[in-house]
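So the structure is just underneath, and the comments pick up after that.
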Amino acid sequence: IAVVIFAPAFEEMYIRGFLFEGFRQSRLGISGTVIVTALIWALLHVQYGTYEIVSIFGLGIILGIARYKTGSIWSTLLMHAFWNFLAFLATALYADGLLG
């Protein structure tokens with residue numbers, strides 16, 4: 001529940017809610033806002049390796065574009081939760097010897 005619901009909810013409200021809206025109204029514009037919020041989000045995940053952080057940055061770009069296009073964090077929250085669910089499922093299957 002923490003990984004699939006609470007972490008995405010907090011991160012999306014903070015990154016693509018609060019920060020996104022503030023940066024969007026700044027001189028950064030929408031492109032800069034998408035890049036900066038994706039970078040901040042990726043840097044929040046320093047516990048992972050380089051490959052994972054780069055992947056998270058890429059996902060952050062996609063989520064930022066979705067946030068801009070839909071005008072809502074609901075779409076990004078659902079996408080983020082689904083991504084975390086898939087990662088959680090893959091980790092569980094790997095730990096059980098069913099993957100890899």
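Following the order of the structure tokens, chains are lettered A, B, ..., residues in each are numbered from 1, and ligands are numbered from 1.
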
Please tabulate, as JSON lines, the residues of region 3-28 of chain A that come within 12 Å of region 52-66 of chain A, each with its closest pair of atoms and the distance in Å to one decimal, counting only C-alpha atoms and ordering rows by chain, then residue number upward.
{"residue": "A:Pro8", "atom": "CA", "partner": "A:Leu63", "partner_atom": "CA", "distance": 11.6}
{"residue": "A:Glu11", "atom": "CA", "partner": "A:Gly60", "partner_atom": "CA", "distance": 11.0}
{"residue": "A:Glu12", "atom": "CA", "partner": "A:Leu63", "partner_atom": "CA", "distance": 9.3}
{"residue": "A:Ile15", "atom": "CA", "partner": "A:Gly64", "partner_atom": "CA", "distance": 9.3}
{"residue": "A:Arg16", "atom": "CA", "partner": "A:Gly64", "partner_atom": "CA", "distance": 6.8}
{"residue": "A:Gly17", "atom": "CA", "partner": "A:Gly64", "partner_atom": "CA", "distance": 10.1}
{"residue": "A:Leu19", "atom": "CA", "partner": "A:Gly64", "partner_atom": "CA", "distance": 11.1}
{"residue": "A:Phe20", "atom": "CA", "partner": "A:Gly64", "partner_atom": "CA", "distance": 8.1}
{"residue": "A:Glu21", "atom": "CA", "partner": "A:Gly64", "partner_atom": "CA", "distance": 10.9}
{"residue": "A:Phe23", "atom": "CA", "partner": "A:Gly64", "partner_atom": "CA", "distance": 11.8}
{"residue": "A:Arg24", "atom": "CA", "partner": "A:Gly64", "partner_atom": "CA", "distance": 10.9}

Report the closest atom pair, with its distance in Å rounded to one decimal, for each residue of region 4-51 of chain A that has an atom no farther than 9 Å from region 78-99 of chain A; count only C-alpha atoms, sort by chain and then rising residue number, and write it as JSON lines.
{"residue": "A:Val4", "atom": "CA", "partner": "A:Ala81", "partner_atom": "CA", "distance": 5.0}
{"residue": "A:Ile5", "atom": "CA", "partner": "A:Ala81", "partner_atom": "CA", "distance": 6.1}
{"residue": "A:Phe6", "atom": "CA", "partner": "A:Ala81", "partner_atom": "CA", "distance": 8.8}
{"residue": "A:Ala7", "atom": "CA", "partner": "A:Ala81", "partner_atom": "CA", "distance": 8.3}
{"residue": "A:Pro8", "atom": "CA", "partner": "A:Ala81", "partner_atom": "CA", "distance": 5.6}
{"residue": "A:Ala9", "atom": "CA", "partner": "A:Ala81", "partner_atom": "CA", "distance": 8.0}
{"residue": "A:Glu12", "atom": "CA", "partner": "A:His80", "partner_atom": "CA", "distance": 8.0}

May I have all residues of chain A that DSSP, computed from the backbone, assigns to helix (DSSP H, G or I), given as a tab-separated table (two decimals) with N, CA and C atoms, in the first residue's frame?
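The resulting file, result13.tsv, is shown below:
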chain	number	residue	atom	x	y	z
A	2	ALA	N	1.95	1.23	0.77
A	2	ALA	CA	2.83	2.40	0.83
A	2	ALA	C	3.47	2.68	-0.52
A	3	VAL	N	3.94	1.64	-1.19
A	3	VAL	CA	4.66	1.79	-2.46
A	3	VAL	C	3.71	2.12	-3.60
A	4	VAL	N	2.54	1.54	-3.60
A	4	VAL	CA	1.62	1.68	-4.73
A	4	VAL	C	0.64	2.83	-4.56
A	5	ILE	N	0.31	3.20	-3.34
A	5	ILE	CA	-0.69	4.26	-3.13
A	5	ILE	C	-0.09	5.51	-2.48
A	6	PHE	N	0.49	5.35	-1.31
A	6	PHE	CA	0.92	6.53	-0.55
A	6	PHE	C	2.10	7.26	-1.18
A	7	ALA	N	3.13	6.54	-1.63
A	7	ALA	CA	4.28	7.21	-2.25
A	7	ALA	C	3.87	7.96	-3.52
A	8	PRO	N	3.14	7.32	-4.45
A	8	PRO	CA	2.71	8.08	-5.63
A	8	PRO	C	1.82	9.27	-5.28
A	9	ALA	N	0.93	9.12	-4.31
A	9	ALA	CA	0.05	10.23	-3.95
A	9	ALA	C	0.86	11.41	-3.42
A	10	PHE	N	1.78	11.15	-2.49
A	10	PHE	CA	2.59	12.23	-1.94
A	10	PHE	C	3.47	12.85	-3.02
A	11	GLU	N	4.18	12.02	-3.77
A	11	GLU	CA	5.10	12.54	-4.78
A	11	GLU	C	4.38	13.32	-5.86
A	12	GLU	N	3.23	12.84	-6.30
A	12	GLU	CA	2.49	13.56	-7.35
A	12	GLU	C	1.92	14.87	-6.83
A	13	MET	N	1.41	14.87	-5.61
A	13	MET	CA	0.89	16.13	-5.05
A	13	MET	C	2.00	17.16	-4.91
A	14	TYR	N	3.17	16.72	-4.48
A	14	TYR	CA	4.28	17.64	-4.27
A	14	TYR	C	4.96	18.05	-5.59
A	15	ILE	N	5.35	17.04	-6.39
A	15	ILE	CA	6.14	17.32	-7.59
A	15	ILE	C	5.28	17.90	-8.71
A	16	ARG	N	4.25	17.14	-9.12
A	16	ARG	CA	3.46	17.59	-10.26
A	16	ARG	C	2.19	18.33	-9.86
A	17	GLY	N	2.06	18.58	-8.58
A	17	GLY	CA	1.00	19.46	-8.09
A	17	GLY	C	1.61	20.79	-7.71
A	18	PHE	N	2.17	20.86	-6.53
A	18	PHE	CA	2.72	22.10	-5.96
A	18	PHE	C	3.87	22.67	-6.79
A	19	LEU	N	4.95	21.90	-6.97
A	19	LEU	CA	6.12	22.42	-7.69
A	19	LEU	C	5.82	22.71	-9.16
A	20	PHE	N	5.10	21.80	-9.80
A	20	PHE	CA	4.78	21.97	-11.22
A	20	PHE	C	4.05	23.29	-11.45
A	21	GLU	N	3.06	23.54	-10.64
A	21	GLU	CA	2.28	24.77	-10.83
A	21	GLU	C	3.11	26.01	-10.57
A	22	GLY	N	3.96	25.98	-9.56
A	22	GLY	CA	4.83	27.11	-9.28
A	22	GLY	C	5.83	27.37	-10.40
A	23	PHE	N	6.48	26.31	-10.86
A	23	PHE	CA	7.46	26.47	-11.94
A	23	PHE	C	6.78	26.88	-13.25
A	24	ARG	N	5.59	26.34	-13.49
A	24	ARG	CA	4.88	26.66	-14.73
A	24	ARG	C	4.59	28.15	-14.84
A	29	GLY	N	8.59	28.29	-18.08
A	29	GLY	CA	7.62	27.85	-19.07
A	29	GLY	C	7.32	26.37	-18.91
A	30	ILE	N	6.56	25.83	-19.83
A	30	ILE	CA	6.13	24.44	-19.68
A	30	ILE	C	7.26	23.45	-19.92
A	31	SER	N	8.09	23.68	-20.93
A	31	SER	CA	9.19	22.75	-21.20
A	31	SER	C	10.17	22.69	-20.04
A	32	GLY	N	10.56	23.85	-19.54
A	32	GLY	CA	11.47	23.89	-18.39
A	32	GLY	C	10.85	23.27	-17.16
A	33	THR	N	9.57	23.49	-16.97
A	33	THR	CA	8.86	22.92	-15.82
A	33	THR	C	8.86	21.41	-15.88
A	34	VAL	N	8.57	20.85	-17.04
A	34	VAL	CA	8.56	19.39	-17.19
A	34	VAL	C	9.95	18.82	-16.90
A	35	ILE	N	10.98	19.44	-17.43
A	35	ILE	CA	12.35	18.96	-17.23
A	35	ILE	C	12.79	19.10	-15.77
A	36	VAL	N	12.56	20.26	-15.18
A	36	VAL	CA	13.00	20.49	-13.80
A	36	VAL	C	12.27	19.58	-12.82
A	37	THR	N	10.95	19.42	-12.97
A	37	THR	CA	10.22	18.55	-12.04
A	37	THR	C	10.62	17.09	-12.23
A	38	ALA	N	10.91	16.69	-13.47
A	38	ALA	CA	11.38	15.31	-13.71
A	38	ALA	C	12.74	15.10	-13.05
A	39	LEU	N	13.61	16.10	-13.14
A	39	LEU	CA	14.94	16.01	-12.53
A	39	LEU	C	14.83	15.95	-11.01
A	40	ILE	N	14.01	16.81	-10.43
A	40	ILE	CA	13.83	16.78	-8.97
A	40	ILE	C	13.30	15.42	-8.53
A	41	TRP	N	12.32	14.92	-9.27
A	41	TRP	CA	11.72	13.63	-8.93
A	41	TRP	C	12.76	12.52	-9.02
A	42	ALA	N	13.57	12.54	-10.07
A	42	ALA	CA	14.61	11.52	-10.22
A	42	ALA	C	15.62	11.60	-9.08
A	43	LEU	N	16.00	12.81	-8.69
A	43	LEU	CA	16.98	12.98	-7.62
A	43	LEU	C	16.44	12.57	-6.26
A	50	THR	N	22.18	4.14	-11.22
A	50	THR	CA	22.15	5.12	-12.30
A	50	THR	C	21.09	4.78	-13.35
A	51	TYR	N	21.02	3.52	-13.77
A	51	TYR	CA	20.04	3.12	-14.78
A	51	TYR	C	18.61	3.42	-14.31
A	52	GLU	N	18.32	3.08	-13.07
A	52	GLU	CA	16.98	3.30	-12.53
A	52	GLU	C	16.66	4.79	-12.43
A	53	ILE	N	17.64	5.59	-12.02
A	53	ILE	CA	17.42	7.04	-11.90
A	53	ILE	C	17.16	7.66	-13.27
A	54	VAL	N	17.90	7.21	-14.28
A	54	VAL	CA	17.67	7.70	-15.64
A	54	VAL	C	16.28	7.28	-16.12
A	55	SER	N	15.88	6.06	-15.80
A	55	SER	CA	14.53	5.59	-16.16
A	55	SER	C	13.46	6.42	-15.46
A	56	ILE	N	13.69	6.72	-14.19
A	56	ILE	CA	12.75	7.53	-13.43
A	56	ILE	C	12.66	8.94	-14.02
A	57	PHE	N	13.79	9.48	-14.44
A	57	PHE	CA	13.78	10.79	-15.09
A	57	PHE	C	12.94	10.73	-16.37
A	58	GLY	N	13.13	9.70	-17.18
A	58	GLY	CA	12.34	9.55	-18.40
A	58	GLY	C	10.86	9.44	-18.11
A	59	LEU	N	10.51	8.66	-17.09
A	59	LEU	CA	9.11	8.55	-16.69
A	59	LEU	C	8.60	9.89	-16.19
A	60	GLY	N	9.46	10.64	-15.51
A	60	GLY	CA	9.09	11.97	-15.03
A	60	GLY	C	8.74	12.91	-16.17
A	61	ILE	N	9.46	12.80	-17.28
A	61	ILE	CA	9.16	13.60	-18.47
A	61	ILE	C	7.76	13.23	-18.97
A	62	ILE	N	7.49	11.93	-19.07
A	62	ILE	CA	6.18	11.47	-19.54
A	62	ILE	C	5.07	11.94	-18.60
A	63	LEU	N	5.30	11.82	-17.30
A	63	LEU	CA	4.30	12.27	-16.33
A	63	LEU	C	4.10	13.78	-16.38
A	64	GLY	N	5.18	14.52	-16.59
A	64	GLY	CA	5.06	15.97	-16.72
A	64	GLY	C	4.24	16.38	-17.93
A	65	ILE	N	4.46	15.69	-19.04
A	65	ILE	CA	3.68	15.97	-20.25
A	65	ILE	C	2.21	15.62	-20.01
A	66	ALA	N	1.97	14.49	-19.36
A	66	ALA	CA	0.59	14.09	-19.05
A	66	ALA	C	-0.06	15.12	-18.13
A	67	ARG	N	0.69	15.61	-17.15
A	67	ARG	CA	0.16	16.63	-16.23
A	67	ARG	C	-0.23	17.89	-17.00
A	68	TYR	N	0.62	18.30	-17.91
A	68	TYR	CA	0.34	19.49	-18.70
A	68	TYR	C	-0.87	19.28	-19.63
A	69	LYS	N	-0.88	18.15	-20.33
A	69	LYS	CA	-1.95	17.88	-21.30
A	69	LYS	C	-3.32	17.70	-20.65
A	70	THR	N	-3.35	17.05	-19.49
A	70	THR	CA	-4.64	16.80	-18.83
A	70	THR	C	-5.04	17.91	-17.87
A	73	ILE	N	-3.52	16.22	-11.75
A	73	ILE	CA	-2.55	15.25	-11.23
A	73	ILE	C	-3.17	13.85	-11.13
A	74	TRP	N	-4.46	13.72	-11.36
A	74	TRP	CA	-5.09	12.40	-11.26
A	74	TRP	C	-4.51	11.43	-12.28
A	75	SER	N	-4.30	11.90	-13.50
A	75	SER	CA	-3.73	11.02	-14.52
A	75	SER	C	-2.32	10.58	-14.13
A	76	THR	N	-1.52	11.51	-13.63
A	76	THR	CA	-0.15	11.17	-13.26
A	76	THR	C	-0.12	10.28	-12.03
A	77	LEU	N	-1.04	10.51	-11.11
A	77	LEU	CA	-1.11	9.67	-9.92
A	77	LEU	C	-1.43	8.24	-10.30
A	78	LEU	N	-2.38	8.04	-11.20
A	78	LEU	CA	-2.73	6.69	-11.62
A	78	LEU	C	-1.59	6.02	-12.39
A	79	MET	N	-0.94	6.78	-13.28
A	79	MET	CA	0.19	6.23	-14.03
A	79	MET	C	1.34	5.86	-13.10
A	80	HIS	N	1.63	6.72	-12.14
A	80	HIS	CA	2.71	6.49	-11.18
A	80	HIS	C	2.39	5.27	-10.32
A	81	ALA	N	1.15	5.17	-9.84
A	81	ALA	CA	0.76	4.02	-9.01
A	81	ALA	C	0.87	2.73	-9.81
A	82	PHE	N	0.45	2.76	-11.08
A	82	PHE	CA	0.54	1.57	-11.92
A	82	PHE	C	2.00	1.17	-12.14
A	83	TRP	N	2.86	2.16	-12.40
A	83	TRP	CA	4.29	1.90	-12.58
A	83	TRP	C	4.87	1.24	-11.32
A	84	ASN	N	4.54	1.80	-10.16
A	84	ASN	CA	5.05	1.23	-8.90
A	84	ASN	C	4.51	-0.18	-8.66
A	85	PHE	N	3.25	-0.41	-9.05
A	85	PHE	CA	2.67	-1.74	-8.89
A	85	PHE	C	3.43	-2.75	-9.75
A	86	LEU	N	3.72	-2.38	-11.00
A	86	LEU	CA	4.48	-3.27	-11.88
A	86	LEU	C	5.87	-3.55	-11.32
A	87	ALA	N	6.54	-2.53	-10.79
A	87	ALA	CA	7.87	-2.71	-10.20
A	87	ALA	C	7.79	-3.61	-8.97
A	88	PHE	N	6.77	-3.40	-8.15
A	88	PHE	CA	6.57	-4.22	-6.96
A	88	PHE	C	6.31	-5.68	-7.35
A	89	LEU	N	5.46	-5.89	-8.36
A	89	LEU	CA	5.15	-7.23	-8.83
A	89	LEU	C	6.39	-7.91	-9.39
A	90	ALA	N	7.16	-7.20	-10.19
A	90	ALA	CA	8.39	-7.78	-10.76
A	90	ALA	C	9.37	-8.16	-9.66
A	91	THR	N	9.50	-7.31	-8.66
A	91	THR	CA	10.41	-7.60	-7.54
A	91	THR	C	9.94	-8.84	-6.78
A	92	ALA	N	8.65	-8.93	-6.54
A	92	ALA	CA	8.10	-10.09	-5.82
A	92	ALA	C	8.30	-11.37	-6.62
A	93	LEU	N	8.03	-11.32	-7.92
A	93	LEU	CA	8.21	-12.50	-8.76
A	93	LEU	C	9.67	-12.91	-8.86
A	94	TYR	N	10.56	-11.93	-8.91
A	94	TYR	CA	12.00	-12.21	-8.96
A	94	TYR	C	12.45	-12.87	-7.65
A	95	ALA	N	11.97	-12.32	-6.52
A	95	ALA	CA	12.34	-12.86	-5.21
A	95	ALA	C	11.84	-14.29	-5.04
